[in-house]
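Asks: Handing over data-v2.cif, mmCIF, C-alpha atoms and all ligand atoms.
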data_run
#
loop_
_atom_site.label_atom_id
_atom_site.label_comp_id
_atom_site.auth_asym_id
_atom_site.auth_seq_id
_atom_site.Cartn_x
_atom_site.Cartn_y
_atom_site.Cartn_z
CA LEU A 336 0.00 0.00 0.00
CA THR A 337 1.38 3.39 -1.01
CA ILE A 338 -0.10 6.43 0.68
CA LEU A 339 0.39 10.12 -0.06
CA GLY A 340 0.05 12.57 2.85
CA LEU A 341 -0.53 16.33 2.63
CA GLU A 342 -0.04 18.92 5.38
CA SER A 343 -0.89 22.64 5.20
CA SER A 344 -2.39 23.62 8.56
CA CYS A 345 0.08 26.29 9.64
CA ASP A 346 3.18 27.67 7.92
CA ASP A 347 4.70 24.53 6.43
CA THR A 348 3.50 23.02 3.16
CA ALA A 349 4.39 19.34 3.08
CA ALA A 350 3.87 16.14 1.11
CA ALA A 351 5.12 12.66 1.96
CA ILE A 352 4.83 9.14 0.64
CA LEU A 353 4.78 6.02 2.81
CA ARG A 354 4.77 2.43 1.63
CA CYS A 355 3.98 -0.67 3.61
CA ASN A 356 3.56 -4.35 3.04
CA GLY A 357 0.81 -5.98 5.08
CA GLU A 358 0.45 -4.92 8.69
CA GLY A 359 4.05 -3.89 9.28
CA ALA A 360 5.42 -0.40 9.86
CA PRO A 361 5.73 1.60 6.65
CA ASP A 362 8.85 3.01 5.03
CA ILE A 363 9.05 6.74 4.42
CA LEU A 364 9.79 6.95 0.69
CA ALA A 365 9.76 10.74 0.65
CA SER A 366 9.01 13.64 2.98
CA VAL A 367 9.13 17.13 1.53
CA VAL A 368 8.57 20.26 3.62
CA HIS A 369 8.48 23.82 2.28
CA GLY A 370 8.57 26.28 5.18
CA GLN A 371 7.16 29.79 4.83
CA ALA A 372 9.21 31.49 7.55
CA ASP A 373 10.68 34.01 5.07
CA LEU A 374 7.20 35.10 3.90
CA HIS A 375 6.07 35.90 7.44
CA ALA A 376 9.37 37.19 8.87
CA ALA A 377 8.55 40.87 8.35
CA PHE A 378 5.25 40.52 10.27
CA GLY A 379 6.58 38.85 13.42
CA GLY A 380 4.11 35.96 13.14
CA VAL A 381 2.19 33.84 10.67
CA VAL A 382 -0.24 35.89 8.52
CA PRO A 383 -3.16 33.55 7.68
CA GLU A 384 -3.93 35.03 4.23
CA ILE A 385 -0.30 34.88 3.12
CA ALA A 386 -0.04 31.32 4.45
CA ALA A 387 -3.18 30.17 2.60
CA ARG A 388 -1.99 31.60 -0.70
CA ALA A 389 1.47 30.08 -0.31
CA HIS A 390 -0.02 26.65 0.49
CA ALA A 391 -2.25 26.82 -2.60
CA GLU A 392 0.83 27.65 -4.71
CA LYS A 393 3.17 25.13 -3.09
CA LEU A 394 1.04 21.99 -2.63
CA ASP A 395 1.37 20.80 -6.25
CA ILE A 396 5.11 21.45 -6.15
CA CYS A 397 5.47 19.49 -2.91
CA VAL A 398 3.53 16.55 -4.36
CA GLU A 399 5.70 16.55 -7.50
CA GLU A 400 8.89 16.70 -5.46
CA ALA A 401 7.73 13.90 -3.17
CA LEU A 402 6.86 11.70 -6.16
CA ALA A 403 10.26 12.37 -7.71
CA ALA A 404 12.15 11.79 -4.45
CA GLY A 405 10.26 8.57 -3.77
CA GLN A 406 10.55 7.43 -7.41
CA VAL A 407 6.83 6.84 -7.43
CA SER A 408 4.28 7.92 -10.02
CA LEU A 409 0.79 9.19 -9.26
CA SER A 410 -0.70 5.95 -10.56
CA ASP A 411 1.17 4.04 -7.81
CA ILE A 412 -0.65 5.95 -5.05
CA ASP A 413 -3.37 3.89 -3.34
CA ALA A 414 -4.80 6.47 -0.92
CA ILE A 415 -4.55 10.18 0.01
CA ALA A 416 -4.37 11.38 3.60
CA VAL A 417 -4.76 15.07 4.36
CA THR A 418 -4.80 17.29 7.43
CA ALA A 419 -8.44 18.34 7.83
CA GLY A 420 -7.79 20.44 10.98
CA PRO A 421 -7.16 21.92 13.45
CA GLY A 422 -5.28 24.88 12.01
CA LEU A 423 -5.49 28.09 10.02
CA ILE A 424 -8.61 27.49 7.99
CA GLY A 425 -7.36 28.88 4.65
CA GLY A 426 -4.37 26.55 4.68
CA VAL A 427 -6.37 23.52 5.80
CA LEU A 428 -8.88 24.23 3.00
CA SER A 429 -6.09 24.38 0.40
CA GLY A 430 -4.89 20.93 1.49
CA VAL A 431 -8.36 19.39 1.64
CA MET A 432 -9.26 20.74 -1.83
CA CYS A 433 -6.00 19.43 -3.29
CA ALA A 434 -6.57 16.00 -1.69
CA LYS A 435 -10.17 15.83 -2.93
CA GLY A 436 -8.99 16.65 -6.45
CA LEU A 437 -6.38 13.90 -6.38
CA SER A 438 -8.75 11.42 -4.77
CA SER A 439 -11.51 11.93 -7.33
CA GLY A 440 -9.11 12.23 -10.28
CA LEU A 441 -7.27 9.02 -9.39
CA GLY A 442 -10.33 7.23 -8.01
CA ILE A 443 -8.62 6.38 -4.71
CA PRO A 444 -9.72 6.71 -1.06
CA LEU A 445 -9.55 10.05 0.76
CA ILE A 446 -8.65 10.06 4.47
CA GLY A 447 -9.08 13.15 6.65
CA VAL A 448 -6.57 13.35 9.49
CA ASN A 449 -6.49 15.35 12.70
CA HIS A 450 -3.13 17.18 12.69
CA LEU A 451 -2.73 16.48 16.41
CA ALA A 452 -3.30 12.76 15.82
CA GLY A 453 -0.47 13.03 13.30
CA HIS A 454 1.88 14.36 15.99
CA ALA A 455 0.54 11.94 18.61
CA LEU A 456 0.96 8.81 16.44
CA THR A 457 4.46 9.69 15.18
CA PRO A 458 6.21 7.55 17.84
CA ARG A 459 4.45 4.53 16.34
CA LEU A 460 5.89 5.36 12.92
CA THR A 461 9.41 6.03 14.14
CA ASP A 462 9.75 3.72 17.17
CA HIS A 463 7.04 1.10 16.62
CA VAL A 464 5.49 1.99 19.98
CA THR A 465 2.42 -0.09 20.86
CA PHE A 466 -0.79 1.16 22.50
CA PRO A 467 -1.39 2.26 25.18
CA TYR A 468 1.16 4.97 25.89
CA LEU A 469 1.32 8.32 27.61
CA MET A 470 1.78 11.19 25.21
CA LEU A 471 3.06 14.70 25.82
CA LEU A 472 2.06 16.68 22.78
CA VAL A 473 3.87 19.98 22.92
CA SER A 474 3.86 22.24 19.89
CA GLY A 475 3.29 25.74 18.54
CA GLY A 476 -0.41 25.73 19.34
CA HIS A 477 -0.89 22.88 21.82
CA CYS A 478 0.36 21.38 25.04
CA GLN A 479 -1.41 18.38 26.51
CA PHE A 480 -0.98 15.01 28.16
CA LEU A 481 -2.96 12.26 26.47
CA ILE A 482 -3.41 8.57 26.97
CA ALA A 483 -3.17 7.06 23.47
CA ARG A 484 -5.15 3.83 23.50
CA GLY A 485 -5.76 3.54 19.77
CA ALA A 486 -5.38 5.46 16.52
CA GLU A 487 -8.74 7.08 17.18
CA ASP A 488 -8.85 6.73 20.92
CA PHE A 489 -7.17 9.44 22.97
CA SER A 490 -8.10 10.81 26.36
CA ARG A 491 -6.77 14.04 27.73
CA LEU A 492 -5.32 14.13 31.24
CA GLY A 493 -4.57 17.84 31.31
CA GLY A 494 -2.71 20.56 29.49
CA THR A 495 -2.10 24.26 29.15
CA ILE A 496 -4.87 26.57 30.26
CA ASP A 497 -3.52 29.42 28.13
CA ASP A 498 -0.50 29.61 25.77
CA ALA A 499 1.39 26.68 24.32
CA PRO A 500 5.14 26.51 25.05
CA GLY A 501 5.97 26.88 21.33
CA GLU A 502 4.06 30.15 21.30
CA ALA A 503 5.96 31.25 24.42
CA PHE A 504 9.31 30.40 22.76
CA ASP A 505 8.25 32.37 19.67
CA LYS A 506 7.15 35.39 21.74
CA THR A 507 10.36 35.26 23.76
CA ALA A 508 12.39 35.39 20.56
CA ARG A 509 10.33 38.33 19.33
CA LEU A 510 10.76 40.25 22.60
CA LEU A 511 14.52 39.68 22.55
CA GLY A 512 15.05 40.39 18.85
CA LEU A 513 15.94 36.81 17.93
CA PRO A 514 14.80 35.20 14.63
CA GLN A 515 11.61 33.14 14.13
CA PRO A 516 10.72 30.36 14.70
CA GLY A 517 11.68 31.18 18.26
CA GLY A 518 12.24 27.66 19.59
CA PRO A 519 15.55 26.91 17.89
CA SER A 520 16.93 30.45 18.31
CA VAL A 521 16.00 30.66 22.01
CA GLN A 522 17.46 27.20 22.61
CA LYS A 523 20.70 28.22 20.91
CA ALA A 524 21.00 31.46 22.92
CA ALA A 525 20.10 29.60 26.14
CA GLU A 526 23.05 27.25 25.66
CA ARG A 527 25.40 30.21 26.26
CA GLY A 528 23.37 31.71 29.13
CA ASP A 529 23.15 31.44 32.90
CA PRO A 530 19.71 30.06 33.86
CA LYS A 531 20.00 31.50 37.39
CA LYS A 532 20.69 35.12 36.44
CA PHE A 533 16.99 35.87 35.99
CA ARG A 534 14.43 33.96 37.99
CA PHE A 535 11.15 33.22 36.20
CA PRO A 536 7.95 31.85 37.75
CA ARG A 537 6.96 28.16 37.60
CA PRO A 538 3.17 28.62 37.30
CA LEU A 539 0.58 26.16 38.67
CA LEU A 540 3.11 23.89 40.40
CA ASP A 541 1.12 24.40 43.61
CA ARG A 542 -2.00 23.00 41.94
CA PRO A 543 -2.68 19.28 41.71
CA GLY A 544 -3.09 17.59 38.34
CA CYS A 545 -1.19 18.24 35.16
CA ASP A 546 -2.64 21.51 33.91
CA MET A 547 -0.06 24.12 32.96
CA SER A 548 0.14 27.83 32.24
CA PHE A 549 2.76 29.63 30.16
CA SER A 550 1.27 33.08 29.58
CA GLY A 551 2.68 34.55 32.83
CA LEU A 552 6.18 33.60 31.69
CA LYS A 553 6.14 35.99 28.78
CA THR A 554 4.96 38.86 31.00
CA ALA A 555 7.79 38.03 33.41
CA LEU A 556 10.21 37.95 30.51
CA LEU A 557 9.01 41.30 29.21
CA ARG A 558 9.51 42.82 32.66
CA ALA A 559 12.97 41.34 33.07
CA ARG A 560 13.96 42.57 29.61
CA ASP A 561 12.69 46.08 30.30
CA SER A 562 14.52 46.28 33.61
CA VAL A 563 17.80 45.41 31.85
CA VAL A 564 17.09 47.86 29.04
CA THR A 565 16.32 50.67 31.51
CA GLU A 566 19.41 49.99 33.59
CA LYS A 567 21.88 49.61 30.76
CA GLY A 568 20.19 51.35 27.84
CA GLY A 569 20.10 48.19 25.74
CA LEU A 570 20.30 44.40 25.64
CA THR A 571 23.71 42.80 25.36
CA GLU A 572 24.20 39.36 23.86
CA ARG A 573 24.98 38.17 27.38
CA ASP A 574 21.59 39.44 28.66
CA GLN A 575 19.83 37.83 25.71
CA ALA A 576 21.49 34.52 26.50
CA ASP A 577 20.75 34.76 30.25
CA LEU A 578 17.10 35.69 29.63
CA CYS A 579 16.71 32.77 27.21
CA ALA A 580 18.37 30.37 29.64
CA GLY A 581 16.15 31.52 32.53
CA PHE A 582 13.01 31.26 30.41
CA GLN A 583 13.88 27.82 29.05
CA ALA A 584 14.75 26.54 32.53
CA ALA A 585 11.29 27.59 33.74
CA VAL A 586 9.57 25.76 30.84
CA VAL A 587 11.71 22.68 31.45
CA ASP A 588 10.90 22.66 35.20
CA VAL A 589 7.15 22.99 34.62
CA LEU A 590 7.09 20.28 31.95
CA ALA A 591 9.18 17.95 34.11
CA GLU A 592 7.04 18.30 37.22
CA LYS A 593 3.77 18.03 35.32
CA THR A 594 5.09 14.98 33.48
CA ARG A 595 5.68 13.32 36.85
CA ARG A 596 2.07 13.96 37.78
CA ALA A 597 0.76 12.82 34.41
CA ILE A 598 2.68 9.55 34.87
CA ASP A 599 0.93 9.09 38.24
CA LEU A 600 -2.47 9.71 36.66
CA TYR A 601 -1.63 7.36 33.80
CA LEU A 602 -0.55 4.58 36.15
CA ALA A 603 -3.77 4.94 38.12
CA GLU A 604 -5.72 4.09 34.93
CA THR A 605 -3.41 1.87 32.92
CA PRO A 606 -1.56 -1.01 34.53
CA GLN A 607 0.72 -1.82 31.54
CA ILE A 608 4.46 -1.02 31.50
CA PRO A 609 4.46 2.72 31.14
CA LEU A 610 5.95 4.53 28.20
CA LEU A 611 6.09 8.28 27.68
CA ALA A 612 6.32 9.57 24.13
CA VAL A 613 6.78 13.24 23.37
CA ALA A 614 5.94 14.81 20.02
CA GLY A 615 5.22 18.21 18.49
CA GLY A 616 7.64 20.96 17.51
CA VAL A 617 8.76 21.79 21.05
CA ALA A 618 9.82 18.16 21.51
CA ALA A 619 12.72 19.14 19.24
CA ASN A 620 14.17 21.07 22.21
CA THR A 621 17.20 19.18 23.48
CA ALA A 622 17.02 20.55 27.05
CA ILE A 623 13.37 19.49 27.33
CA ARG A 624 14.11 16.04 25.90
CA ALA A 625 17.05 15.48 28.21
CA ARG A 626 15.09 16.48 31.31
CA LEU A 627 12.05 14.36 30.44
CA GLU A 628 14.35 11.45 29.83
CA THR A 629 15.74 11.89 33.35
CA VAL A 630 12.26 12.11 34.89
CA CYS A 631 11.30 8.88 33.12
CA SER A 632 14.44 6.96 34.05
CA ASP A 633 13.95 8.03 37.70
CA LEU A 634 10.44 6.59 37.62
CA GLY A 635 11.24 3.46 35.60
CA VAL A 636 9.22 4.67 32.63
CA GLN A 637 10.37 4.11 29.05
CA PHE A 638 10.92 7.29 27.06
CA THR A 639 10.80 7.96 23.37
CA ALA A 640 10.86 11.01 21.14
CA PRO A 641 10.74 11.03 17.34
CA PRO A 642 13.72 12.33 15.35
CA LEU A 643 13.73 16.13 15.17
CA ALA A 644 12.53 16.37 11.56
CA LEU A 645 9.42 14.36 12.42
CA CYS A 646 8.66 16.44 15.55
CA THR A 647 7.92 19.66 13.68
CA ASP A 648 5.19 19.79 11.04
CA ASN A 649 5.62 17.29 8.24
CA ALA A 650 3.41 15.15 6.01
CA ALA A 651 4.91 11.76 6.89
CA MET A 652 3.03 11.90 10.19
CA ILE A 653 -0.19 12.77 8.34
CA ALA A 654 0.26 9.91 5.88
CA TYR A 655 0.94 7.60 8.83
CA ALA A 656 -2.14 8.73 10.82
CA GLY A 657 -4.12 8.26 7.60
CA LEU A 658 -2.74 4.75 7.23
CA GLU A 659 -3.83 3.91 10.78
CA ARG A 660 -7.36 5.14 10.04
CA PHE A 661 -7.37 3.25 6.75
CA ARG A 662 -6.38 0.05 8.56
CA LEU A 663 -9.39 0.56 10.82
CA GLY A 664 -11.51 0.73 7.68
CA HIS A 665 -12.22 4.44 8.05
CA THR A 666 -12.16 6.72 5.03
CA ASP A 667 -13.90 9.94 4.02
CA ASP A 668 -15.68 11.22 0.94
CA MET A 669 -16.23 14.57 -0.76
CA THR A 670 -18.17 15.79 2.29
CA LEU A 671 -14.91 15.97 4.30
CA VAL A 672 -14.75 19.42 5.89
CA ALA A 673 -11.83 21.59 6.98
CA ARG A 674 -12.00 22.47 10.67
CA PRO A 675 -10.25 25.32 12.44
CA ARG A 676 -10.76 23.62 15.85
CA TRP A 677 -10.75 19.91 16.51
CA PRO A 678 -9.90 18.57 19.96
CA LEU A 679 -8.07 15.27 20.19
CA ASP A 680 -10.09 13.58 22.88
CA ASN A 681 -12.62 10.81 22.56
CA LYS A 682 -14.98 12.71 24.84
CA ALA A 683 -15.06 15.51 22.28
CA PRO A 684 -17.37 15.05 19.27
CA ALA A 685 -16.10 13.67 15.91
CA LEU A 686 -12.51 12.68 16.48
CA LEU A 687 -11.24 12.13 12.98
CA GLY A 688 -12.22 12.84 9.38
CA SER A 689 -15.85 13.70 8.77
CA GLY A 690 -16.76 11.75 11.87
CA LYS A 691 -18.23 8.78 10.06
P1 LIG B 701 0.27 22.76 16.24
O1 LIG B 701 0.91 21.47 15.89
O2 LIG B 701 -0.08 22.87 17.68
O3 LIG B 701 -0.86 23.11 15.33
P2 LIG B 701 2.45 24.03 14.91
O4 LIG B 701 2.11 23.07 13.86
O5 LIG B 701 2.72 25.45 14.60
O6 LIG B 701 1.34 23.93 16.05
P3 LIG B 701 4.84 22.53 15.30
O7 LIG B 701 5.33 22.63 13.90
O8 LIG B 701 4.50 21.22 15.82
O9 LIG B 701 3.68 23.52 15.71
O10 LIG B 701 5.92 23.22 16.17
C1 LIG B 701 6.35 24.55 15.91
C2 LIG B 701 6.70 25.16 17.23
O11 LIG B 701 7.78 24.41 17.81
C3 LIG B 701 7.15 26.60 17.12
O12 LIG B 701 6.49 27.35 18.10
C4 LIG B 701 8.65 26.51 17.40
O13 LIG B 701 9.17 27.67 18.01
C5 LIG B 701 8.72 25.31 18.32
N1 LIG B 701 10.05 24.71 18.30
C6 LIG B 701 10.72 24.20 17.25
N2 LIG B 701 11.97 23.82 17.60
C7 LIG B 701 12.08 24.10 18.94
C8 LIG B 701 13.12 23.97 19.91
N3 LIG B 701 14.31 23.48 19.59
N4 LIG B 701 12.85 24.38 21.17
C9 LIG B 701 11.65 24.88 21.52
N5 LIG B 701 10.65 25.05 20.65
C10 LIG B 701 10.85 24.66 19.38
FE FE B 702 2.03 20.83 14.36
#
As structure tokens, please, write out the structure in this file.
Replies:
Amino acid sequence: LTILGLESSCDDTAAAILRCNGEGAPDILASVVHGQADLHAAFGGVVPEIAARAHAEKLDICVEEALAAGQVSLSDIDAIAVTAGPGLIGGVLSGVMCAKGLSSGLGIPLIGVNHLAGHALTPRLTDHVTFPYLMLLVSGGHCQFLIARGAEDFSRLGGTIDDAPGEAFDKTARLLGLPQPGGPSVQKAAERGDPKKFRFPRPLLDRPGCDMSFSGLKTALLRARDSVVTEKGGLTERDQADLCAGFQAAVVDVLAEKTRRAIDLYLAETPQIPLLAVAGGVAANTAIRARLETVCSDLGVQFTAPPLALCTDNAAMIAYAGLERFRLGHTDDMTLVARPRWPLDNKAPALLGSGK
């Protein structure tokens, strides 16, 4: 079975091709990602209209490049998986329209995929993880602990009550004059900084459960930056590095402590050998990975994180989530809709695709 995946929910246009024989894990034949960072750089954030137009222009090119890289022709494709939400609606629509066109033109099944399911199932693609597992999904727009019991069966244990950490990394970069996306540039600056020079809050640690809050951190960062600027008349590279290190240390501490609690909650419900998988763009952060790995080894929990390129947005994860749905016998038709919001929890209505 050869499956083409399309992703266009935020600021990366991507196409990927997976191939599998029987029930086994698929091979990634090609995974092409065209980022749009340069288009949005001047605006300090993703502009939805610009993103939608760029996706519409780039999707065909991504598909062609993926076919060439995978040495596959369109007639070899057996099914199309596409992100149907959640995300910026113009971009999601571009992807869904492109997938519908290919599906009807080639006469092959169409599979709508929840972008978050794509992130959450990635450890199964890369590390052959079996259900159930505990998932920390931590990205540009989301931050939540989930129990993954099946490809369409997730329950949420808790998560951020305001900003996502990726958003906080991006805002931190903006406030300190570092390039976007903020995650990698803040991480790089933090490596040279002293995490104790500025002390940032660790919100909600006094509350039980695994809910988190990151919006206070950026206010604290803004205040710390302004105090340095007022005192010295400007930010030195040293200050930038120290502010980044202090900010990152706070995020790492919160994620580590809340992960401990999520593991407790998970164990209360699921008696199997515990495994924590992290995914989403922020899971690319090496300090976060290292700390979560320590938390897990302290508690005798297995830990896994996908390779960096499969943590941030890509279409291989969408093709894979589509394959899992397909194996459950679930496909969509031309009524598949693009959704701006789409929670990944089996208590929320319509988990995947058009909900059929
Ligand atoms: P979502 O998946 O929630 O819809 P998204 O698709 O924008 O959001 P991803 O592509 O999964 O998010 O991740 C992008 C985010 O990850 C950005 O906010 C980026 O700053 C962050 N990120 C990437 N690399 C790192 C890193 N090394 N450290 C911290 N954050 C990072
Ligand atoms: Fe994402």
Asks: Extract, using only C-alpha atoms, all DNA, RNA and protein residues at most 7 Å from Phe504 of chain A, discarding same-chain residues fewer than 6 positions from it, and format them as a ChimeraX atom specification.
Replies: /A:517-518,521
Asks: Keeping only C-alpha atoms, write those residues as a compact mmCIF listing (two decimals), in the frame of the given file.
Replies:
# COMPACT_ATOMS: atom_id res chain seq x y z
CA GLY A 517 11.68 31.18 18.26
CA GLY A 518 12.24 27.66 19.59
CA VAL A 521 16.00 30.66 22.01
Asks: Check which residues fall inside 9 Å of ligand LIG 701 (chain B) when counting all atoms listed in the file, and print them as a ChimeraX atom specification.
Replies: /A:344-347,420-423,450-451,453-454,472-478,499-506,508,515-523,583,614-623,643,646-649
Asks: Can you pull out the residues contacting Thr457 of chain A? Cut-off 9 Å, using all atoms listed in the file, and skip same-chain residues under 2 positions away; I want them as an MDAnalysis selection string.
Replies: chainID A and resid 452:455 459:462 614 640:641 645:646 651:653 655:656
Asks: Figure out the distance between atom CA of Gly447 of chain A and atom CA of Thr666 of chain A, please, to one decimal in Å.
Replies: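 These two atoms are separated by 7.3 Å.
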Asks: Using only C-alpha atoms and all ligand atoms, can you tell me which of A:Leu602, A:Leu364, A:Ala349, A:Met432 comes closest to ligand FE 702 (chain B)?
Replies: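 Closest to ligand FE 702 (chain B) of all the choices is A:Ala349.
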Asks: Which residues, written as a ChimeraX atom specification, have at least one atom at most 12 Å from Gly581 of chain A, with only C-alpha atoms counted and residues fewer than 3 positions away on the same chain left out?
Replies: /A:504,507,521-522,524-537,552-553,555-556,559-560,574-578,584-588
Asks: Using all atoms listed in the file, can you tell me which of A:Ser410, A:Asn356, A:Thr418, A:Ser562 comes closest to Ala650 of chain A?
Replies: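 For Ala650 of chain A, the nearest of the given residues is A:Thr418.
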Asks: Please compute the atom CA of Val368 of chain A-atom CA of Glu392 of chain A distance, one decimal, in Å.
Replies: 13.6 Å
Asks: Identify which of the residues A:Thr348, A:Ser429, A:Thr465, A:Ser408 lies closest to Arg484 of chain A, counting only C-alpha atoms when measuring atom-to-atom distances.
Replies: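 Closest residue, counting only C-alpha atoms: A:Thr465.
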